[in-house]
Structures are given as C-alpha cells and as structure tokens.
Amino acid sequence: MPSLLTHDRRPNTKHSRYTTLTKDHMIVTSPHGRDYLLRDLIETLIINNELSARPSDDWRSQALRAAPRDHFVPDRAWVPSRDLSGGYVIDHRIDPDDWLLAVYRDTLLVTKRGDGDIIDTSVPATSAVSRPGVVMRFLELLQPQPGDRVLEVGTASGWTAGLLAHRVGDGNLITIEIDPELSTTAKQNLSKLGLAPIVVTGDATMGSTVREEFDRIHVTCGVRNVPQGWTSQLRPGGVMVLPWMPAHGQRGEILKLQAPLISPWLIGRFCGSTSFIMMSGQDVDIPTSGRRADDESSWTSMRPTQVMEAMPRGFGIFLTAVAPDLAITKAKREEHNDRAAFVMELASLRDDSYATIVADPAYDRTCMTQSGRGLGDILFQAYRQWVRLGKPGRDRFGLWIGPDREVIWLDRPSNAIGARNR
Ligand SMILES: C[S@@+](CC[C@H](N)C(=O)[O-])C[C@H]1O[C@@H](n2cnc3c(N)ncnc32)[C@H](O)[C@@H]1O
C-alpha cells in the first residue's frame, strides 16, 4: 500500500514507531524494518522524480537493493539540517532505530571532519555518504551500461562504488579515495556484500594510475578545474559527471561532459544545482579573519538576497563566466549593529580585494564597504547584465573544455561569454 512518511524530524524516543499516512489518510504505525524503510525511500525518490516510476525497470532501484545504504554508513554520523545551519548525531550503538531511520531518509550524512569530531561543525566535513536523490541524479546522467569501464573519484564509504559495481560488474570499476582509513573501510564494506571493485588509495587529481581509457567517469567531490588526467582518460563517446564548483563558497552545478568522437574538446551541459565536499588540492584557502574592507563605503538599492536567490537559476554560471576570480565567502542573515541584517563577504582569488555588503532592512538599502577592485560593484554589475540578458537559466549555458582552456557560452557555442585557463 503506498504510504507517505510524515516524520520530518527524527523521533526522540528509542522505541518510537513511524507514523504513516495511508492512501485513505488512516494513521497506522510500522516497525523500523530496513526493507520497509528502503521501499519508502524508493517511493520518495520516485515522487521527487529522482527515480523512474517503475522501479522494476530501473537499474538504480535494483542497485539500491543490492548495495543497501546501511552497509556503508558508519556507526556514528552527523545529519545536517536542510539549511546546514544545524543537525544532530546518530549513533548505532546508542540508538539503532534512530540511526536506521536517518540512513534511509533522503539526506546527506557527514561521516568525517578531518581529525576532528563530526559534531564540531566549525571544522569542514571531509567525507560523507551522499544524499540518495543526488546520487540517483548523477547515475541517471552517467548512464553506465553493463560492461562499461568506469573510474570513480571519491570512494568514501564505498556506497556509490557498490551501486556502480552492481551495474557494470566488479572488475570494471576503479574507485579512488585519498583517505587511506576510508578506502580500507570501503573495501571491507564492499566485500561483505560480495562486491570487489578495484579500490585505490591515492589522489585522483592526476587521474587513474592505470593507463587506460574509461567509458564513464563518476566524480563525487567538488571540482574547481577539471583535471587534465580525467579528460585524457575519457574515451571518445564517453561521459563524465561531476559537481562543478568553480567559485569558492557558492553552490555549484552538476556538470555532464561528453567526449565527442573526433574532437579533443569535451562538451558540457549544466544539469542542476548541487554542493559537494571539495576535492582536496582544489579547495582554496582564503584568509578572511582579520581582514577589513575600509577603503570606501557606498549605498546601493540592489539587494544581496536577490543575487543569492538567482544563483541556482543561472546567475551562478554567468557570474563564474564574467568574474571567475570572485569568491563569496559569506552570505547569511546575522546580527549587524544590533539589528538582523543580510551580510555578504566577497574576496578575490587573485589579489587582496575584499568587500562586505550589508542589507539593513531598517533602511531598505544596502551598504557596501570595499577595498581594492570593488568586488561589490563587480557582483551587482554582473547581476544587472544577467537581468538585461533575460535572466538566462542553466539550460541556455554550455561549456567547452579544451586541452588548455575552459570556455562558457550562452545560447550557442560560438557565443563565448567567459574563458579560464586550465
Ligand atoms: C562526498 S564524499 C563521496 C561520497 C561517496 N562516493 C558516496 O558513496 O556517497 C567525497 C570523498 O572524496 C574524497 N576525496 C577528496 N579529494 C580527493 C582526491 N583528490 N582524490 C581522491 N579522493 C578524494 C574525500 O576523502 C571523500 O571521502
């Protein structure tokens, strides 16, 4: 019987039961069985259009059953809240019901923060089990076929490697993880399910150590610049899917790259907004503490919230094209001069330009304090330009990746609006 789980918050008693709404809106309860939860997750993914409506026809539903997520989630993990401002810990040893419930929700689970405790949100996450809906989207775009040779970047716990190995066959998947502790655990997790893809411990920035071409490359950490090693290892006709996160501090785009049969340039299309843990070696460390923007202050009627709302609707791609060095290091509501305000901080990836932008609702105006190149002006000018172009959405943009350059275009490949050296 189709059902909708009504829990949005975790239950806080050990023996709590899920309350479900049936088709007839009768309240019933159900025990915390894994099969029940997996079925319910699959239903949620179908409702959210992240799985096809006929699970029996979709290899991804079968893979979700063959590599169940609870085999890969460690005993202790952090469940972030939707806006990432908070979260809670699940611990299998303390509350297995609570743990299993979170494992089968469509949510990201943070599993490592460097050497720190997963509770310490001041330390950036370094590993996670990705959100099932995002994983399904990536796999749909990747379209791996049985027998395809696949390279995966960022094994983590091995969950997505398990899904892929189920599809393409064990020996056809090479998955690379930089953290040796994680790759050892991933191998164990996979082998307990009888799956044995090749798990390599190492830095995937240079590509696979194995000299061969791949039909598919599946990247599960954020990428600023697509490494040469990957583009040269994608065979003509091959597909690579990655979280493209070129601008520090901003959400990125799911990027699908295809290798044409006769050109050394890859063709890319943007397929949705996303955010992933950055690939190590490509995360930029911009010092923010102790910096002051004290050169010039000015007022504008532009609202930073408008700009942030436009980011996932095409403006983020446009901004990367026209101002590739601009980094948004903060964008959130906070107390400013004892009043609630929306505060943005901008930094430059190539010099020490810096800006703070404060939208103070009391004045219905925005104050910019800038030093250096006027990053606030650059941001708002780009926004006005994007509006004048008719607010183009992500489907109007495309990307070429050549041997030494990346070119972003609008509407047609000959209309380049920005280029970066690789
Ligand atoms: C979000 S997790 C991957 C999630 C995952 N595949 C899953 O099953 O849901 C990203 C992983 O990429 C790894 N990573 C980061 N930089 C890397 C690099 N340069 N080479 C290989 N792995 C890297 C991290 O250690 C982390 O475990």
# chains A, B, ... in the order shown; residues from 1 in each chain; ligands from 1
call {"tool": "residues_around", "arguments": {"residues": "region 191-198 of chain A", "least_positions_apart": "5", "cutoff": "9 Å", "atoms": "only C-alpha atoms", "output": "PyMOL selection string"}}
result
chain A and resi 66-67+71+161-162+165-166+169-176+186
call {"tool": "residues_around", "arguments": {"residues": "region 88-91 of chain A", "least_positions_apart": "4", "cutoff": "12 Å", "atoms": "only C-alpha atoms", "output": "ChimeraX atom specification"}}
result
/A:9-12,14,73-82,84,95-103,109-111,117-121
call {"tool": "residues_near_ligand", "arguments": {"ligand": "ligand 1", "cutoff": "7 Å", "atoms": "only C-alpha atoms and all ligand atoms", "output": "PyMOL selection string"}}
result
chain A and resi 126-130+153-161+176-179+182+202-205+220-221+276-281
call {"tool": "select_by_dssp", "arguments": {"residues": "region 28-218 of chain A", "states": "helix (DSSP H, G or I)", "output": "ChimeraX atom specification"}}
result
/A:34-47,55-57,59-66,69-71,96-103,132-142,159-168,170-172,180-192,204-206
call {"tool": "residues_around", "arguments": {"residues": "Phe397 (chain A)", "least_positions_apart": "5", "cutoff": "9 Å", "atoms": "only C-alpha atoms", "output": "ChimeraX atom specification"}}
result
/A:269-270,314,317-318,392,408-413
call {"tool": "write_last_selection", "arguments": {"atoms": "C-alpha atoms", "output": "mmCIF file, in the first residue's frame"}}
result
data_model
loop_
_atom_site.group_PDB
_atom_site.id
_atom_site.type_symbol
_atom_site.label_atom_id
_atom_site.label_comp_id
_atom_site.auth_asym_id
_atom_site.auth_seq_id
_atom_site.Cartn_x
_atom_site.Cartn_y
_atom_site.Cartn_z
ATOM 1 C CA ARG A 269 25.895 20.911 -20.115
ATOM 2 C CA PHE A 270 24.691 22.078 -16.699
ATOM 3 C CA GLY A 314 21.554 30.551 -13.987
ATOM 4 C CA ILE A 317 27.080 30.146 -14.068
ATOM 5 C CA PHE A 318 27.001 33.646 -15.574
ATOM 6 C CA PRO A 392 19.058 33.063 -18.769
ATOM 7 C CA ILE A 408 31.493 29.104 -21.049
ATOM 8 C CA TRP A 409 28.995 30.033 -23.753
ATOM 9 C CA LEU A 410 25.445 31.327 -23.866
ATOM 10 C CA ASP A 411 22.807 30.002 -26.299
ATOM 11 C CA ARG A 412 25.305 28.775 -28.931
ATOM 12 C CA PRO A 413 28.870 27.516 -28.746
#
call {"tool": "residues_around", "arguments": {"residues": "Lys256 (chain A)", "least_positions_apart": "4", "cutoff": "6 Å", "atoms": "only C-alpha atoms", "output": "list in words"}}
result
Met240, Val241, Gly268 and Arg269 of chain A
call {"tool": "atom_distance", "arguments": {"atom1": "CA of Glu335 (chain A)", "atom2": "CA of Ser122 (chain A)"}}
result
18.8 Å
call {"tool": "closest_residue", "arguments": {"among": "A:Arg167, A:Arg388, A:Arg396, A:Lys332", "to": "Arg149 (chain A)", "atoms": "only C-alpha atoms"}}
result
A:Arg167
call {"tool": "select_by_dssp", "arguments": {"residues": "region 55-132 of chain A", "states": "strand (DSSP E)", "output": "PDB file with C-alpha atoms, in the first residue's frame"}}
result
ATOM      1  CA  ARG A  76      28.338   7.447  14.114  1.00  0.00           C
ATOM      2  CA  ALA A  77      27.368  10.145  11.621  1.00  0.00           C
ATOM      3  CA  TRP A  78      26.095  13.720  11.532  1.00  0.00           C
ATOM      4  CA  VAL A  79      22.719  14.503   9.952  1.00  0.00           C
ATOM      5  CA  PRO A  80      22.789  18.132   8.811  1.00  0.00           C
ATOM      6  CA  GLY A  87      21.996  18.980  12.689  1.00  0.00           C
ATOM      7  CA  TYR A  88      22.176  16.016  15.027  1.00  0.00           C
ATOM      8  CA  VAL A  89      24.269  12.918  15.646  1.00  0.00           C
ATOM      9  CA  ILE A  90      23.139   9.377  15.004  1.00  0.00           C
ATOM     10  CA  ASP A  91      24.915   6.587  16.840  1.00  0.00           C
ATOM     11  CA  LEU A 109      25.248  12.045   6.181  1.00  0.00           C
ATOM     12  CA  VAL A 110      28.539  13.613   7.238  1.00  0.00           C
ATOM     13  CA  THR A 111      30.954  10.863   8.273  1.00  0.00           C
ATOM     14  CA  LYS A 112      34.285  12.641   8.763  1.00  0.00           C
ATOM     15  CA  SER A 127      33.762  12.824   3.893  1.00  0.00           C
ATOM     16  CA  ALA A 128      30.095  11.936   3.629  1.00  0.00           C
ATOM     17  CA  VAL A 129      27.574   9.458   2.332  1.00  0.00           C
TER      18      VAL A 129
END
call {"tool": "residues_around", "arguments": {"residues": "Trp265 (chain A)", "least_positions_apart": "6", "cutoff": "12 Å", "atoms": "only C-alpha atoms", "output": "list in words"}}
result
Gln228, Thr231, Ser232, Leu234, Arg235, Pro236, Gly237, Leu257, Gln258, Ala259, Leu399, Trp400, Ile401, Gly402, Pro403, Asp404, Arg405, Glu406, Val407 and Pro413 of chain A
call {"tool": "atom_distance", "arguments": {"atom1": "CA of Leu349 (chain A)", "atom2": "CA of Val307 (chain A)"}}
result
19.9 Å
call {"tool": "residues_around", "arguments": {"residues": "Lys391 (chain A)", "least_positions_apart": "4", "cutoff": "10 Å", "atoms": "only C-alpha atoms", "output": "list in words"}}
result
Ala310, Arg313, Gly314, Phe315, Phe318, Tyr383, Arg384, Gln385, Trp386, Val387 and Arg396 of chain A
call {"tool": "closest_residue", "arguments": {"among": "A:Arg251, A:Arg60, A:Arg65, A:Arg211", "to": "Gln233 (chain A)", "atoms": "only C-alpha atoms"}}
result
A:Arg211
call {"tool": "closest_residue", "arguments": {"among": "A:Ala347, A:Ala125, A:Met136, A:Ala340", "to": "Leu45 (chain A)", "atoms": "only C-alpha atoms"}}
result
A:Met136
call {"tool": "atom_distance", "arguments": {"atom1": "CA of Pro243 (chain A)", "atom2": "CA of Leu141 (chain A)"}}
result
12.2 Å
